[in-house]
Amino acid sequence: QLPIEAGHTRPRAEVYYEFFAGLAQSPEPGWQVVQHFSDLRRGDVIAWKKEAAAQESGDTGHVMIVAQTPVRNGADSYRLTVYDSTKSPHDNDTRGHGTNGIGKGDLFFYVNTEDAPVAFQFSSQRHVHQAPIAMGRLTK
């Protein structure tokens with residue numbers, strides 16, 4: 001259901017973000033939008049989109065699979081264990097230091113008053129990035 005752009009072999013992060021962000025207005029069979037961060041569960045998908053100015057390298061954002069239920073980390077933040085493929089190490093990362101590829105680790109997400117994500121940190125040692133973030137769930 002996710003389109004693959006010409007010149008690419010797979011959907012890029014921006015495509016995942018647009019797909020999930022559009023589910024509320026245009027439902028797709030087999031998928032549903034997850035609106036509240038606290039409602040995430042194992043197997044859900046999160047995608048964020050880099051703004052156009054930050055996409056110079058062809059990196060349009062990031063996609064990850066939720067590994068565990070989010071843990072409240074403060075009034076406006078959560079710690080979340082995910083599966084993903086990245087060069088940016090996470091807290092409790094299963095990838096060795098300096099190793100990239102598929103692994104499991106903890107990220108931090110910041111939410112607004114409606115419990116919707118508005119920012120993230122790759123680890124507690126990294127800076128916070130504000131980004132458009134969308135979440136979806138496969139229902140079939």
# chains A, B, ... in the order shown; residues from 1 in each chain; ligands from 1
call {"tool": "residues_around", "arguments": {"residues": "A:Gly136", "least_positions_apart": "2", "cutoff": "9 Å", "atoms": "only C-alpha atoms", "output": "ChimeraX atom specification"}}
result
/A:19-21,23,31-35,40,44-47,134,138
call {"tool": "write_last_selection", "arguments": {"atoms": "C-alpha atoms", "output": "PDB file, in the first residue's frame"}}
result
ATOM      1  CA  PHE A  19       0.832   7.452   4.738  1.00  0.00           C
ATOM      2  CA  PHE A  20       0.299   7.384   8.521  1.00  0.00           C
ATOM      3  CA  ALA A  21      -0.466  11.100   8.760  1.00  0.00           C
ATOM      4  CA  LEU A  23      -4.903   7.671   7.660  1.00  0.00           C
ATOM      5  CA  TRP A  31      -4.249   0.100   8.803  1.00  0.00           C
ATOM      6  CA  GLN A  32      -5.251   2.555  11.494  1.00  0.00           C
ATOM      7  CA  VAL A  33      -3.713   5.715  12.831  1.00  0.00           C
ATOM      8  CA  VAL A  34      -2.421   5.761  16.421  1.00  0.00           C
ATOM      9  CA  GLN A  35      -3.135   9.260  17.730  1.00  0.00           C
ATOM     10  CA  LEU A  40       1.347   2.500  21.169  1.00  0.00           C
ATOM     11  CA  ASP A  44       3.153  -0.441  15.757  1.00  0.00           C
ATOM     12  CA  VAL A  45       5.140   1.706  13.334  1.00  0.00           C
ATOM     13  CA  ILE A  46       6.457   5.240  13.919  1.00  0.00           C
ATOM     14  CA  ALA A  47       7.776   7.482  11.169  1.00  0.00           C
ATOM     15  CA  ALA A 134       3.118   9.921  12.681  1.00  0.00           C
ATOM     16  CA  LEU A 138      -1.389  -2.833  11.011  1.00  0.00           C
TER      17      LEU A 138
END
call {"tool": "residues_around", "arguments": {"residues": "stretch 80-89 of chain A", "least_positions_apart": "6", "cutoff": "6 Å", "atoms": "only C-alpha atoms", "output": "list of chain:residue names"}}
result
A:Met64, A:Ile65, A:Val66, A:Ala67, A:Gln68, A:Pro70, A:Asn100, A:Gly101, A:Ile102, A:Gly103, A:Lys104, A:Gly105, A:Asp106, A:Leu107
call {"tool": "select_by_dssp", "arguments": {"residues": "stretch 17-137 of chain A", "states": "helix (DSSP H, G or I)", "output": "list in words"}}
result
Tyr17, Glu18, Phe19, Phe20, Ala21, Gly22, Phe37, Ser38, Asp39, Ala52, Ala53 and Ala54 of chain A
call {"tool": "select_by_dssp", "arguments": {"residues": "chain A", "states": "strand (DSSP E or B)", "output": "ChimeraX atom specification"}}
result
/A:31-33,45-49,61-66,71-74,77-86,91,101-111,117-121,129-130,133-138
call {"tool": "write_last_selection", "arguments": {"atoms": "C-alpha atoms", "output": "CSV table (one decimal), in the first residue's frame"}}
result
chain,number,residue,atom,x,y,z
A,31,TRP,CA,-4.2,0.1,8.8
A,32,GLN,CA,-5.3,2.6,11.5
A,33,VAL,CA,-3.7,5.7,12.8
A,45,VAL,CA,5.1,1.7,13.3
A,46,ILE,CA,6.5,5.2,13.9
A,47,ALA,CA,7.8,7.5,11.2
A,48,TRP,CA,9.1,11.0,11.3
A,49,LYS,CA,9.8,13.3,8.4
A,61,GLY,CA,13.4,10.8,8.1
A,62,HIS,CA,13.3,7.6,10.1
A,63,VAL,CA,11.0,4.6,10.5
A,64,MET,CA,10.9,2.2,13.4
A,65,ILE,CA,8.9,-0.7,14.9
A,66,VAL,CA,7.7,-0.4,18.5
A,71,VAL,CA,7.2,4.1,29.6
A,72,ARG,CA,6.3,7.6,30.9
A,73,ASN,CA,9.6,9.5,31.5
A,74,GLY,CA,8.2,12.8,32.7
A,77,SER,CA,8.1,12.5,27.6
A,78,TYR,CA,8.3,8.8,27.1
A,79,ARG,CA,11.1,6.2,26.8
A,80,LEU,CA,10.3,3.8,24.0
A,81,THR,CA,12.1,0.6,23.0
A,82,VAL,CA,12.1,0.1,19.2
A,83,TYR,CA,13.6,-2.0,16.4
A,84,ASP,CA,15.2,0.0,13.7
A,85,SER,CA,18.2,0.3,11.4
A,86,THR,CA,20.5,3.3,12.1
A,91,ASP,CA,20.3,3.9,25.0
A,101,GLY,CA,22.3,-1.8,10.9
A,102,ILE,CA,19.2,-3.5,12.5
A,103,GLY,CA,19.0,-3.5,16.3
A,104,LYS,CA,16.9,-2.7,19.3
A,105,GLY,CA,17.3,0.3,21.7
A,106,ASP,CA,15.6,3.0,23.6
A,107,LEU,CA,14.6,6.4,22.2
A,108,PHE,CA,12.9,9.3,23.9
A,109,PHE,CA,9.8,11.1,22.6
A,110,TYR,CA,8.3,14.3,23.7
A,111,VAL,CA,4.5,14.9,23.4
A,117,PRO,CA,4.6,13.2,19.6
A,118,VAL,CA,6.3,16.4,18.6
A,119,ALA,CA,10.0,15.7,19.1
A,120,PHE,CA,12.5,12.8,19.7
A,121,GLN,CA,16.0,12.0,21.0
A,129,HIS,CA,14.9,17.1,17.4
A,130,GLN,CA,11.5,18.5,16.7
A,133,ILE,CA,5.9,12.3,13.7
A,134,ALA,CA,3.1,9.9,12.7
A,135,MET,CA,2.2,6.5,14.1
A,136,GLY,CA,0.3,3.6,12.5
A,137,ARG,CA,-0.9,0.1,13.3
A,138,LEU,CA,-1.4,-2.8,11.0
call {"tool": "closest_residue", "arguments": {"among": "A:His8, A:Phe122, A:Pro132, A:Asp39", "to": "A:Glu51", "atoms": "only C-alpha atoms"}}
result
A:Pro132
call {"tool": "closest_residue", "arguments": {"among": "A:Ser38, A:Thr94, A:Thr139, A:Thr9", "to": "A:Asp115", "atoms": "only C-alpha atoms"}}
result
A:Ser38
call {"tool": "closest_residue", "arguments": {"among": "A:Thr60, A:Gln1, A:Thr113, A:Gln25", "to": "A:Phe37", "atoms": "only C-alpha atoms"}}
result
A:Thr113
call {"tool": "decode", "arguments": {"residues": "stretch 25-36 of chain A", "atoms": "N, CA, C and O atoms", "output": "PDB file, in the first residue's frame"}}
result
ATOM      1  N   GLN A  25      -7.742  11.012   7.666  1.00  0.00           N
ATOM      2  CA  GLN A  25      -8.608  11.600   6.653  1.00  0.00           C
ATOM      3  C   GLN A  25      -8.961  10.598   5.551  1.00  0.00           C
ATOM      4  O   GLN A  25     -10.009  10.706   4.919  1.00  0.00           O
ATOM      5  N   SER A  26      -8.069   9.654   5.292  1.00  0.00           N
ATOM      6  CA  SER A  26      -8.270   8.708   4.200  1.00  0.00           C
ATOM      7  C   SER A  26      -7.881   7.306   4.667  1.00  0.00           C
ATOM      8  O   SER A  26      -6.767   6.845   4.418  1.00  0.00           O
ATOM      9  N   PRO A  27      -8.801   6.622   5.372  1.00  0.00           N
ATOM     10  CA  PRO A  27      -8.470   5.298   5.910  1.00  0.00           C
ATOM     11  C   PRO A  27      -8.082   4.303   4.815  1.00  0.00           C
ATOM     12  O   PRO A  27      -8.610   4.342   3.715  1.00  0.00           O
ATOM     13  N   GLU A  28      -7.114   3.452   5.127  1.00  0.00           N
ATOM     14  CA  GLU A  28      -6.676   2.383   4.228  1.00  0.00           C
ATOM     15  C   GLU A  28      -7.024   1.048   4.881  1.00  0.00           C
ATOM     16  O   GLU A  28      -6.760   0.866   6.078  1.00  0.00           O
ATOM     17  N   PRO A  29      -7.592   0.114   4.126  1.00  0.00           N
ATOM     18  CA  PRO A  29      -7.897  -1.196   4.706  1.00  0.00           C
ATOM     19  C   PRO A  29      -6.652  -1.831   5.316  1.00  0.00           C
ATOM     20  O   PRO A  29      -5.586  -1.814   4.713  1.00  0.00           O
ATOM     21  N   GLY A  30      -6.810  -2.364   6.512  1.00  0.00           N
ATOM     22  CA  GLY A  30      -5.706  -3.046   7.180  1.00  0.00           C
ATOM     23  C   GLY A  30      -4.812  -2.159   8.019  1.00  0.00           C
ATOM     24  O   GLY A  30      -3.891  -2.642   8.665  1.00  0.00           O
ATOM     25  N   TRP A  31      -5.073  -0.828   8.032  1.00  0.00           N
ATOM     26  CA  TRP A  31      -4.249   0.100   8.803  1.00  0.00           C
ATOM     27  C   TRP A  31      -5.127   1.035   9.619  1.00  0.00           C
ATOM     28  O   TRP A  31      -6.244   1.351   9.220  1.00  0.00           O
ATOM     29  N   GLN A  32      -4.588   1.489  10.735  1.00  0.00           N
ATOM     30  CA  GLN A  32      -5.251   2.555  11.494  1.00  0.00           C
ATOM     31  C   GLN A  32      -4.204   3.486  12.070  1.00  0.00           C
ATOM     32  O   GLN A  32      -3.069   3.088  12.324  1.00  0.00           O
ATOM     33  N   VAL A  33      -4.596   4.724  12.250  1.00  0.00           N
ATOM     34  CA  VAL A  33      -3.713   5.715  12.831  1.00  0.00           C
ATOM     35  C   VAL A  33      -3.679   5.510  14.344  1.00  0.00           C
ATOM     36  O   VAL A  33      -4.673   5.105  14.941  1.00  0.00           O
ATOM     37  N   VAL A  34      -2.537   5.731  14.964  1.00  0.00           N
ATOM     38  CA  VAL A  34      -2.421   5.761  16.421  1.00  0.00           C
ATOM     39  C   VAL A  34      -2.227   7.234  16.775  1.00  0.00           C
ATOM     40  O   VAL A  34      -1.232   7.841  16.372  1.00  0.00           O
ATOM     41  N   GLN A  35      -3.182   7.825  17.474  1.00  0.00           N
ATOM     42  CA  GLN A  35      -3.135   9.260  17.730  1.00  0.00           C
ATOM     43  C   GLN A  35      -2.416   9.625  19.020  1.00  0.00           C
ATOM     44  O   GLN A  35      -1.827  10.686  19.115  1.00  0.00           O
ATOM     45  N   HIS A  36      -2.488   8.755  20.018  1.00  0.00           N
ATOM     46  CA  HIS A  36      -1.916   9.061  21.333  1.00  0.00           C
ATOM     47  C   HIS A  36      -0.701   8.171  21.596  1.00  0.00           C
ATOM     48  O   HIS A  36      -0.784   6.945  21.436  1.00  0.00           O
TER      49      HIS A  36
END
